[in-house]
Amino acid sequence: MFYHLKTKFGNTEAVIDDTCGVSKFYEIADTLTTGLQVSFLNQIDDSETLDWDFHYKNHLLTLHYNVFNGVSVFPQHIKNVQQENNAVMEIAHFLERRAF
């Protein structure tokens, strides 16, 4: 699996897979739960979009799914923008090493 980074307004978004179905979103969520022991705090499920917030190394991040854009991870920018962007990249590297 390969990801790509998008930066917009200082926000780094890691696009994990831009051509997948919702089942891959759930598989990635399970991998984050078991592999990094993250707990999802807030889960917003819509017919076309899922946004699940979680803490990773004291940073609030969102695992995002959209039927048109696939799965991505992005920060909420509550504290330090650069550190939160780095946390997003760590998550992306972790997921890249997993086979989906």
# chains A, B, ... in the order shown; residues from 1 in each chain; ligands from 1

call {"tool": "residues_around", "arguments": {"residues": "Asp17 of chain A", "least_positions_apart": "3", "cutoff": "12 Å", "atoms": "only C-alpha atoms", "output": "count of residues only"}}
result
29

call {"tool": "residues_around", "arguments": {"residues": "Leu60 of chain A", "least_positions_apart": "3", "cutoff": "8 Å", "atoms": "only C-alpha atoms", "output": "list in words"}}
result
Asp53, Phe54, His55, Tyr56, Pro75, Gln76, His77, Ile78 and Glu84 of chain A

call {"tool": "write_last_selection", "arguments": {"atoms": "C-alpha atoms", "output": "CSV table (one decimal), in the first residue's frame"}}
result
chain,number,residue,atom,x,y,z
A,53,ASP,CA,-11.7,11.2,15.7
A,54,PHE,CA,-8.9,9.6,17.8
A,55,HIS,CA,-5.9,10.6,19.9
A,56,TYR,CA,-2.5,9.6,18.8
A,75,PRO,CA,-5.2,16.5,12.1
A,76,GLN,CA,-7.6,18.7,13.9
A,77,HIS,CA,-4.9,21.4,14.7
A,78,ILE,CA,-5.7,21.9,18.4
A,84,GLU,CA,0.2,17.2,14.4

call {"tool": "select_by_dssp", "arguments": {"residues": "segment 23-84 of chain A", "states": "strand (DSSP E or B)", "output": "VMD selection string"}}
result
chain A and resid 40 to 45 49 to 56 59 to 66 70 to 75

call {"tool": "closest_residue", "arguments": {"among": "A:Thr19, A:Gln82, A:Thr7, A:Thr31", "to": "His59 of chain A", "atoms": "only C-alpha atoms"}}
result
A:Gln82

call {"tool": "closest_residue", "arguments": {"among": "A:Arg98, A:Thr12, A:Asp51, A:Thr33", "to": "Gln83 of chain A", "atoms": "only C-alpha atoms"}}
result
A:Thr12
